[in-house]
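Structure below is data_6.csv: CSV, C-alpha atoms.
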```
chain,number,residue,atom,x,y,z
A,1,MET,CA,-152.6,-84.2,-239.9
A,2,GLN,CA,-154.5,-84.6,-236.6
A,3,GLN,CA,-151.8,-83.2,-234.3
A,4,ASP,CA,-151.2,-80.1,-236.5
A,5,TRP,CA,-153.1,-77.9,-234.0
A,6,ILE,CA,-150.9,-79.0,-231.1
A,7,TRP,CA,-147.8,-77.9,-233.1
A,8,GLY,CA,-149.7,-74.8,-234.0
A,9,LEU,CA,-150.4,-74.0,-230.4
A,10,LEU,CA,-146.8,-74.8,-229.3
A,11,GLY,CA,-145.2,-72.9,-232.1
A,12,GLY,CA,-147.6,-70.0,-231.5
A,13,GLY,CA,-146.6,-70.0,-227.8
A,14,LEU,CA,-142.9,-69.7,-228.8
A,15,ILE,CA,-143.8,-66.8,-231.2
A,16,GLY,CA,-145.6,-65.1,-228.4
A,17,LEU,CA,-142.7,-65.6,-226.0
A,18,GLY,CA,-140.4,-64.1,-228.5
A,19,GLY,CA,-142.7,-61.1,-228.8
A,20,ALA,CA,-143.0,-60.8,-225.0
A,21,LEU,CA,-139.2,-60.9,-224.6
A,22,LEU,CA,-138.6,-58.2,-227.2
A,23,LEU,CA,-141.3,-56.0,-225.7
A,24,LEU,CA,-140.3,-56.4,-222.0
A,25,GLY,CA,-136.6,-56.5,-222.7
A,26,ASN,CA,-136.0,-53.9,-225.4
A,27,GLY,CA,-139.3,-52.1,-225.5
A,28,ARG,CA,-139.8,-53.0,-229.1
A,29,ILE,CA,-142.7,-54.4,-231.1
A,30,MET,CA,-141.8,-57.8,-232.6
A,31,GLY,CA,-143.1,-57.1,-236.1
A,32,ALA,CA,-141.3,-58.8,-239.0
A,33,SER,CA,-142.2,-56.2,-241.6
A,34,GLY,CA,-141.3,-53.3,-239.3
A,35,ILE,CA,-137.9,-54.9,-238.4
A,36,LEU,CA,-136.9,-55.8,-241.9
A,37,GLY,CA,-138.4,-52.6,-243.4
A,38,GLY,CA,-136.7,-50.4,-240.8
A,39,LEU,CA,-133.4,-52.1,-241.5
A,40,ILE,CA,-133.5,-51.7,-245.3
A,41,THR,CA,-134.9,-48.1,-245.2
A,42,ARG,CA,-132.3,-47.2,-242.5
A,43,VAL,CA,-134.7,-45.8,-239.9
A,44,GLY,CA,-133.0,-45.2,-236.5
A,45,ASP,CA,-129.4,-45.3,-235.1
A,46,ARG,CA,-126.7,-47.8,-235.6
A,47,ALA,CA,-127.4,-49.7,-232.5
A,48,LEU,CA,-131.0,-50.2,-233.5
A,49,GLN,CA,-129.9,-51.3,-237.0
A,50,LEU,CA,-127.6,-53.9,-235.3
A,51,GLU,CA,-130.4,-55.0,-233.0
A,52,ARG,CA,-132.6,-55.6,-236.1
A,53,LEU,CA,-129.8,-57.5,-237.9
A,54,VAL,CA,-129.2,-59.8,-234.9
A,55,PHE,CA,-133.0,-60.4,-234.6
A,56,LEU,CA,-133.3,-61.3,-238.3
A,57,ALA,CA,-130.2,-63.5,-238.3
A,58,ALA,CA,-131.7,-65.5,-235.5
A,59,VAL,CA,-135.1,-65.7,-237.3
A,60,ILE,CA,-133.2,-67.3,-240.3
A,61,GLY,CA,-130.6,-69.2,-238.3
A,62,VAL,CA,-132.7,-71.1,-235.9
A,63,PRO,CA,-135.0,-72.8,-238.5
A,64,LEU,CA,-131.8,-73.4,-240.6
A,65,PHE,CA,-130.3,-75.2,-237.6
A,66,MET,CA,-133.4,-77.1,-236.8
A,67,HIS,CA,-133.9,-78.4,-240.3
A,68,ARG,CA,-130.4,-78.7,-241.7
A,69,ILE,CA,-128.4,-79.7,-238.6
A,70,ALA,CA,-130.9,-81.1,-236.1
A,71,ASP,CA,-132.6,-82.8,-239.1
A,72,ILE,CA,-136.2,-82.0,-238.1
A,73,PRO,CA,-138.3,-82.5,-241.3
A,74,VAL,CA,-140.3,-79.6,-242.6
A,75,GLU,CA,-143.1,-79.8,-245.1
A,76,THR,CA,-143.5,-77.0,-247.6
A,77,THR,CA,-145.3,-76.4,-250.8
A,78,VAL,CA,-144.7,-73.2,-252.6
A,79,THR,CA,-145.5,-72.0,-256.2
A,80,ARG,CA,-142.7,-71.9,-258.7
A,81,ASN,CA,-144.5,-69.4,-260.9
A,82,ILE,CA,-142.1,-66.5,-261.0
A,83,PRO,CA,-144.5,-63.7,-262.1
A,84,LEU,CA,-146.8,-64.8,-259.2
A,85,LEU,CA,-144.0,-64.8,-256.7
A,86,VAL,CA,-142.8,-61.4,-257.8
A,87,SER,CA,-146.2,-59.7,-257.8
A,88,ALA,CA,-147.1,-61.3,-254.4
A,89,GLY,CA,-143.8,-60.2,-252.9
A,90,ILE,CA,-144.2,-56.6,-254.1
A,91,LEU,CA,-147.8,-56.5,-252.8
A,92,VAL,CA,-146.7,-57.9,-249.4
A,93,GLY,CA,-143.7,-55.5,-249.2
A,94,VAL,CA,-145.7,-52.4,-250.1
A,95,GLY,CA,-148.8,-53.3,-248.2
A,96,THR,CA,-147.2,-54.2,-244.9
A,97,ARG,CA,-145.0,-51.1,-244.8
A,98,VAL,CA,-147.9,-48.7,-245.9
A,99,ALA,CA,-150.1,-50.3,-243.2
A,100,ASN,CA,-147.2,-50.3,-240.8
A,101,GLY,CA,-147.5,-53.9,-239.8
A,102,CYS,CA,-148.1,-57.5,-240.8
A,103,THR,CA,-149.2,-60.8,-239.2
A,104,SER,CA,-146.7,-60.4,-236.3
A,105,GLY,CA,-146.9,-56.7,-235.7
A,106,HIS,CA,-150.6,-56.0,-236.2
A,107,GLY,CA,-151.7,-59.6,-235.6
A,108,VAL,CA,-149.8,-60.9,-232.6
A,109,CYS,CA,-148.6,-57.7,-231.0
A,110,GLY,CA,-151.6,-55.5,-231.9
A,111,ILE,CA,-154.5,-57.8,-231.1
A,112,SER,CA,-152.9,-58.8,-227.8
A,113,ARG,CA,-153.3,-55.2,-226.6
A,114,LEU,CA,-156.7,-54.9,-228.2
A,115,SER,CA,-155.5,-52.2,-230.6
A,116,LEU,CA,-158.3,-51.1,-233.0
A,117,ARG,CA,-155.7,-50.7,-235.8
A,118,GLY,CA,-154.2,-54.1,-235.2
A,119,ILE,CA,-157.7,-55.8,-235.2
A,120,THR,CA,-158.8,-53.9,-238.3
A,121,ALA,CA,-155.7,-54.6,-240.2
A,122,THR,CA,-155.9,-58.4,-239.3
A,123,VAL,CA,-159.6,-58.6,-240.4
A,124,LEU,CA,-158.7,-56.8,-243.7
A,125,TYR,CA,-155.7,-58.9,-244.6
A,126,ILE,CA,-157.3,-62.2,-243.8
A,127,GLY,CA,-160.4,-61.1,-245.7
A,128,ALA,CA,-158.4,-60.0,-248.7
A,129,GLY,CA,-156.3,-63.1,-248.6
A,130,ALA,CA,-159.4,-65.4,-248.4
A,131,LEU,CA,-161.0,-63.6,-251.4
A,132,THR,CA,-157.8,-63.8,-253.3
A,133,VAL,CA,-157.5,-67.6,-252.7
A,134,ALA,CA,-161.2,-68.0,-253.6
A,135,ALA,CA,-160.7,-66.0,-256.8
A,136,MET,CA,-157.6,-68.1,-257.8
A,137,ARG,CA,-159.4,-71.4,-257.1
A,138,HIS,CA,-162.6,-70.5,-258.9
A,139,ILE,CA,-161.5,-68.3,-261.7
A,140,PHE,CA,-158.1,-69.9,-262.6
A,141,GLY,CA,-158.9,-73.3,-261.1
A,142,ALA,CA,-155.6,-73.6,-259.3
A,143,LEU,CA,-153.3,-72.1,-256.6
A,144,SER,CA,-150.2,-72.0,-258.7
B,1,MET,CA,-124.8,-55.8,-225.1
B,2,ILE,CA,-127.9,-57.3,-223.3
B,3,ARG,CA,-130.2,-55.7,-225.9
B,4,PHE,CA,-128.5,-57.8,-228.7
B,5,VAL,CA,-128.8,-61.0,-226.6
B,6,ILE,CA,-132.5,-60.3,-226.1
B,7,ALA,CA,-132.9,-59.6,-229.9
B,8,ALA,CA,-131.2,-62.9,-230.7
B,9,LEU,CA,-133.3,-64.9,-228.2
B,10,SER,CA,-136.5,-63.2,-229.4
B,11,GLY,CA,-135.7,-63.8,-233.1
B,12,GLY,CA,-134.7,-67.4,-232.3
B,13,LEU,CA,-138.0,-68.0,-230.5
B,14,PHE,CA,-139.9,-66.4,-233.4
B,15,GLY,CA,-138.1,-68.5,-236.0
B,16,ALA,CA,-138.5,-71.7,-234.0
B,17,GLY,CA,-142.2,-71.0,-233.5
B,18,LEU,CA,-142.8,-70.3,-237.2
B,19,PHE,CA,-140.8,-73.5,-238.1
B,20,LEU,CA,-142.6,-75.8,-235.6
B,21,SER,CA,-146.1,-74.4,-236.2
B,22,GLY,CA,-146.1,-75.2,-239.9
B,23,MET,CA,-146.6,-71.6,-240.8
B,24,THR,CA,-143.6,-71.4,-243.1
B,25,ASN,CA,-145.5,-73.8,-245.4
B,26,PRO,CA,-147.4,-71.6,-247.9
B,27,GLY,CA,-149.7,-74.5,-248.7
B,28,LYS,CA,-150.9,-74.6,-245.1
B,29,VAL,CA,-151.5,-70.9,-245.0
B,30,GLN,CA,-153.5,-71.0,-248.2
B,31,GLY,CA,-155.4,-73.9,-246.7
B,32,PHE,CA,-156.4,-71.6,-243.9
B,33,LEU,CA,-157.4,-68.8,-246.3
B,34,ASP,CA,-159.3,-71.3,-248.5
B,35,LEU,CA,-162.7,-71.7,-246.9
B,36,SER,CA,-164.1,-73.8,-249.7
B,37,ALA,CA,-161.9,-77.0,-249.6
B,38,ALA,CA,-160.9,-78.9,-246.5
B,39,TRP,CA,-160.3,-75.9,-244.3
B,40,ASP,CA,-157.1,-75.9,-242.2
B,41,PRO,CA,-157.6,-74.1,-238.9
B,42,THR,CA,-153.9,-74.3,-237.7
B,43,LEU,CA,-153.3,-70.6,-238.1
B,44,ILE,CA,-156.0,-69.9,-235.5
B,45,PHE,CA,-154.1,-72.1,-233.0
B,46,VAL,CA,-150.8,-70.4,-233.8
B,47,MET,CA,-152.4,-67.0,-233.3
B,48,GLY,CA,-154.1,-68.1,-230.1
B,49,GLY,CA,-150.9,-69.6,-228.7
B,50,ALA,CA,-149.0,-66.4,-229.5
B,51,LEU,CA,-151.6,-64.0,-228.1
B,52,VAL,CA,-151.4,-65.5,-224.5
B,53,PRO,CA,-147.8,-64.6,-223.6
B,54,MET,CA,-148.1,-61.4,-225.6
B,55,ALA,CA,-151.2,-60.2,-223.8
B,56,LEU,CA,-149.6,-61.0,-220.4
B,57,ALA,CA,-146.5,-59.0,-221.5
B,58,TRP,CA,-148.6,-56.0,-222.3
B,59,ARG,CA,-150.2,-56.2,-218.9
B,60,LEU,CA,-146.7,-55.8,-217.3
B,61,THR,CA,-145.9,-52.6,-219.2
B,62,PRO,CA,-147.8,-49.9,-217.4
B,63,ASN,CA,-145.7,-47.8,-215.0
B,64,ARG,CA,-142.6,-49.8,-215.9
B,65,ALA,CA,-139.7,-49.5,-218.3
B,66,PRO,CA,-138.1,-52.0,-220.6
B,67,LEU,CA,-135.2,-54.0,-219.1
B,68,VAL,CA,-132.6,-52.2,-221.2
B,69,GLY,CA,-134.1,-48.8,-220.4
B,70,GLY,CA,-136.0,-46.3,-222.6
B,71,THR,CA,-139.8,-46.5,-222.8
B,72,PHE,CA,-142.4,-48.9,-224.0
B,73,PRO,CA,-144.2,-48.2,-227.3
B,74,ALA,CA,-146.8,-45.5,-227.1
B,75,PRO,CA,-150.5,-46.7,-226.9
B,76,SER,CA,-151.7,-47.6,-230.4
B,77,ALA,CA,-153.5,-44.8,-232.2
B,78,ALA,CA,-157.3,-45.0,-232.0
B,79,HIS,CA,-157.9,-43.8,-235.6
B,80,LEU,CA,-158.0,-45.8,-238.8
B,81,ASP,CA,-156.6,-44.2,-241.9
B,82,ARG,CA,-156.3,-44.8,-245.6
B,83,LYS,CA,-152.8,-46.2,-245.3
B,84,LEU,CA,-153.8,-48.8,-242.7
B,85,ILE,CA,-156.8,-49.9,-244.8
B,86,THR,CA,-155.3,-49.9,-248.3
B,87,GLY,CA,-152.0,-51.3,-247.1
B,88,SER,CA,-153.7,-54.2,-245.3
B,89,VAL,CA,-155.8,-55.1,-248.3
B,90,LEU,CA,-152.7,-55.0,-250.6
B,91,PHE,CA,-150.8,-57.2,-248.1
B,92,GLY,CA,-153.8,-59.6,-247.9
B,93,VAL,CA,-153.9,-60.0,-251.7
B,94,GLY,CA,-150.2,-60.8,-251.9
B,95,TRP,CA,-150.5,-63.2,-248.9
B,96,GLY,CA,-153.3,-65.1,-250.6
B,97,LEU,CA,-151.5,-65.3,-254.0
B,98,VAL,CA,-148.5,-67.2,-252.6
B,99,GLY,CA,-149.2,-67.9,-248.9
B,100,LEU,CA,-146.2,-66.1,-247.5
B,101,CYS,CA,-146.1,-63.2,-245.1
B,102,PRO,CA,-142.9,-61.4,-244.0
B,103,GLY,CA,-142.1,-63.5,-240.9
B,104,PRO,CA,-142.4,-66.9,-242.5
B,105,ALA,CA,-140.7,-65.6,-245.7
B,106,ILE,CA,-137.6,-64.7,-243.6
B,107,ALA,CA,-137.7,-67.8,-241.4
B,108,SER,CA,-137.9,-70.3,-244.3
B,109,LEU,CA,-135.2,-68.7,-246.4
B,110,SER,CA,-132.9,-71.7,-245.8
B,111,TYR,CA,-135.4,-74.3,-247.1
B,112,GLN,CA,-137.9,-72.5,-249.3
B,113,GLY,CA,-135.6,-72.8,-252.4
B,114,ALA,CA,-135.5,-70.3,-255.3
B,115,SER,CA,-139.2,-69.5,-254.8
B,116,GLY,CA,-138.6,-68.3,-251.3
B,117,ALA,CA,-135.6,-66.1,-252.3
B,118,ILE,CA,-137.5,-64.6,-255.2
B,119,PHE,CA,-140.5,-63.7,-253.0
B,120,LEU,CA,-138.2,-62.2,-250.3
B,121,LEU,CA,-136.3,-60.1,-252.9
B,122,ALA,CA,-139.6,-58.8,-254.4
B,123,MET,CA,-140.9,-58.1,-250.9
B,124,ILE,CA,-137.8,-56.0,-250.1
B,125,CYS,CA,-138.3,-54.1,-253.4
B,126,GLY,CA,-141.9,-53.5,-252.3
B,127,MET,CA,-140.7,-52.2,-249.0
B,128,GLN,CA,-138.3,-49.8,-250.8
B,129,LEU,CA,-141.2,-48.6,-253.0
B,130,SER,CA,-143.7,-48.2,-250.1
B,131,PRO,CA,-142.8,-44.6,-249.1
B,132,MET,CA,-144.0,-43.5,-252.6
B,133,VAL,CA,-147.3,-45.3,-252.2
B,134,ALA,CA,-147.7,-43.9,-248.7
B,135,ILE,CA,-147.2,-40.3,-250.0
B,136,GLN,CA,-149.9,-40.8,-252.6
B,137,LEU,CA,-152.3,-42.1,-250.0
B,138,ASP,CA,-151.6,-39.2,-247.7
B,139,ARG,CA,-152.3,-36.8,-250.6
B,140,ALA,CA,-155.6,-38.6,-251.2
B,141,THR,CA,-156.5,-38.2,-247.5
B,142,ALA,CA,-155.5,-34.5,-247.6
B,143,LYS,CA,-157.8,-33.9,-250.6
B,144,ALA,CA,-160.8,-35.7,-249.1
```

Rewrite the coordinates I just gave you, this time as structure tokens.
Amino acid sequence: MQQDWIWGLLGGGLIGLGGALLLLGNGRIMGASGILGGLITRVGDRALQLERLVFLAAVIGVPLFMHRIADIPVETTVTRNIPLLVSAGILVGVGTRVANGCTSGHGVCGISRLSLRGITATVLYIGAGALTVAAMRHIFGALS
Amino acid sequence: MIRFVIAALSGGLFGAGLFLSGMTNPGKVQGFLDLSAAWDPTLIFVMGGALVPMALAWRLTPNRAPLVGGTFPAPSAAHLDRKLITGSVLFGVGWGLVGLCPGPAIASLSYQGASGAIFLLAMICGMQLSPMVAIQLDRATAKA
């Protein structure tokens, strides 16, 4: 759609505001993998665990509200191939925790302070992602 | 108390931004990673929109403290290591396979169906396994 980029820019701005708020308010990096990973591997004290839980509940709850209650339509196409979902999920879980960040932590929070690690990680995961999509398209002929 | 309010607001902005930007649609993310077909640049706009408030926030951090007290995150390390590089590549492969990264996987839990839940569970398992992988990579670094 033609106006996709406007929604992208607007949504991106909200994501950046969320990150700025968590940084200036609580002194924390808004990284999805760090917050979820920290919660499940129990890093830090109880207050920090609760802070992570509240953050994640809002990340799930606001889109749930917008879609289910405010009735804003959402478009999504996702594979139903279970072995593919499981292997991709494991790779994303291991990879983001070993690298200590994902698209939000290394991407948004890292690049915005010109962190060499954030920029390197982003170049690598976009490159690996593009090669993976190309391989699936050209070797297997499909994305599902 | 205020730190939990901030965490909820931040998570809510993050979730709303992911929802509105279209980034919880794996098909759209794979459309960005797929350089061959009709390339979808939306992710660039999302990233750009997020970087502006975040970069401004980082500029406010020197010589100040977070609102709730404590300290801001230490400056990002200047070195690149095996964990950052290997982890980011593994993450990118998983991201390309399905089109979900941690933030959108969490944000879309309420409307991504069984596929989303399976991916999220596998990702959590991967996060649990990640310390074992990290130890192996540290050993490889120590040997080199």

Original post:
Expressed in Å to a single decimal, how great is the separation between atom CA of Asn26 of chain A and atom CA of Phe19 of chain B?
Top reply: 23.8 Å

Original post:
So how many Å separate atom CA of Gly92 of chain B and atom CA of Ile90 of chain A, to one decimal?
Top reply: 11.8 Å

Original post:
Given the choices B:Gly69, B:Trp39, B:Ser10, B:Val29, which gets closest to chain A if the distance is worked out from all atoms listed in the file?
Top reply: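 Among B:Gly69, B:Trp39, B:Ser10, B:Val29, it is B:Ser10 that comes nearest to chain A.
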
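Nearest residue to Gly12 of chain A among A:Ile82, A:Val108, A:Val54, A:Val123 is A:Val108, counting only C-alpha atoms.
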
**OP:** Kindly indicate which residue among B:Ala140, B:Leu84, B:Ile6, B:Ala122 lies nearest to Pro83 of chain A, using all atoms listed in the file for the distances.
**Re:** B:Ala122
